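Report on the following structure.
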Amino acid sequence: MNSIQPNNPLHGIKLADILEHLVKVYSWEELAAKININCFKSNPSIKSSLKFLRRTPWAREKVEQLYLKSINNDAS
C-alpha cells in the first residue's frame, strides 16, 4: 500500500534534515531566539537537539512550523 499524504508538507522529510536546514538558514543563536529551548542555547548540536525534539512534541511542532515558514519564504 502506498502511503502518499498530499496534505502533509512534512511527509517524507526527516527531522534531522529539517534541523540541518534551520541551522544553515538561521544559526544556533537565532534558533534559540526564535524557539526558546535549551538544546539550542547550551552546547547545541544536531544529535542532542534530535534527542530532545523526538521526546518533546510541543518543541518538535515549533521546529516544524519554523521550517515550513522558512521554506515558504525561500519559495517567495
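Labeling convention for the C-alpha cells: chains A, B, ... as they appear, residues from 1 per chain, ligands from 1 in order of appearance.
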Within 10 Å of range 55-72 of chain A using only C-alpha atoms, minus same-chain residues under 2 positions, as number ranges by chain: A: 9-10, 15, 18-19, 21-22, 25-26, 31, 34-37, 49-53, 74-76
Generate the output file for the selected residues, C-alpha atoms, as a JSON list (two decimals), in the first residue's frame.
[["chain", "number", "residue", "atom", "x", "y", "z"],
["A", 9, "PRO", "CA", 4.02, 19.03, 3.58],
["A", 10, "LEU", "CA", 6.42, 17.34, 6.03],
["A", 15, "LEU", "CA", 13.70, 15.61, 11.43],
["A", 18, "ILE", "CA", 14.70, 19.86, 8.99],
["A", 19, "LEU", "CA", 17.13, 20.74, 11.76],
["A", 21, "HIS", "CA", 18.21, 23.23, 7.12],
["A", 22, "LEU", "CA", 17.24, 25.53, 10.00],
["A", 25, "VAL", "CA", 19.39, 29.22, 7.25],
["A", 26, "TYR", "CA", 19.49, 30.78, 10.70],
["A", 31, "LEU", "CA", 17.17, 29.44, 16.50],
["A", 34, "LYS", "CA", 13.09, 32.13, 17.78],
["A", 35, "ILE", "CA", 12.37, 28.94, 19.74],
["A", 36, "ASN", "CA", 13.26, 29.21, 23.42],
["A", 37, "ILE", "CA", 14.57, 25.72, 24.20],
["A", 49, "SER", "CA", 18.63, 18.53, 19.59],
["A", 50, "LEU", "CA", 17.23, 15.49, 17.77],
["A", 51, "LYS", "CA", 17.13, 13.53, 21.01],
["A", 52, "PHE", "CA", 15.20, 16.32, 22.74],
["A", 53, "LEU", "CA", 12.84, 17.02, 19.84],
["A", 74, "ASP", "CA", 12.54, 30.65, 0.13],
["A", 75, "ALA", "CA", 9.85, 29.98, -2.47],
["A", 76, "SER", "CA", 8.68, 33.62, -2.47]]
Expected answer as number ranges by chain: helix (DSSP H, G or I) residues in chain A: A: 15-25, 28-34, 38-41, 46-55, 57-75
A:Gly12, A:Asn7, A:Ala32, A:Asp17 ranked by distance to Lys47 in chain A, top pick (using only C-alpha atoms):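 For Lys47 in chain A, the nearest of the given residues is A:Asp17.
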Atomic distance CA of Ser45 in chain A - CA of Ala16 in chain A, expressed in Å with one decimal: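 Straight-line distance from CA of Ser45 in chain A to CA of Ala16 in chain A works out to 11.0 Å.
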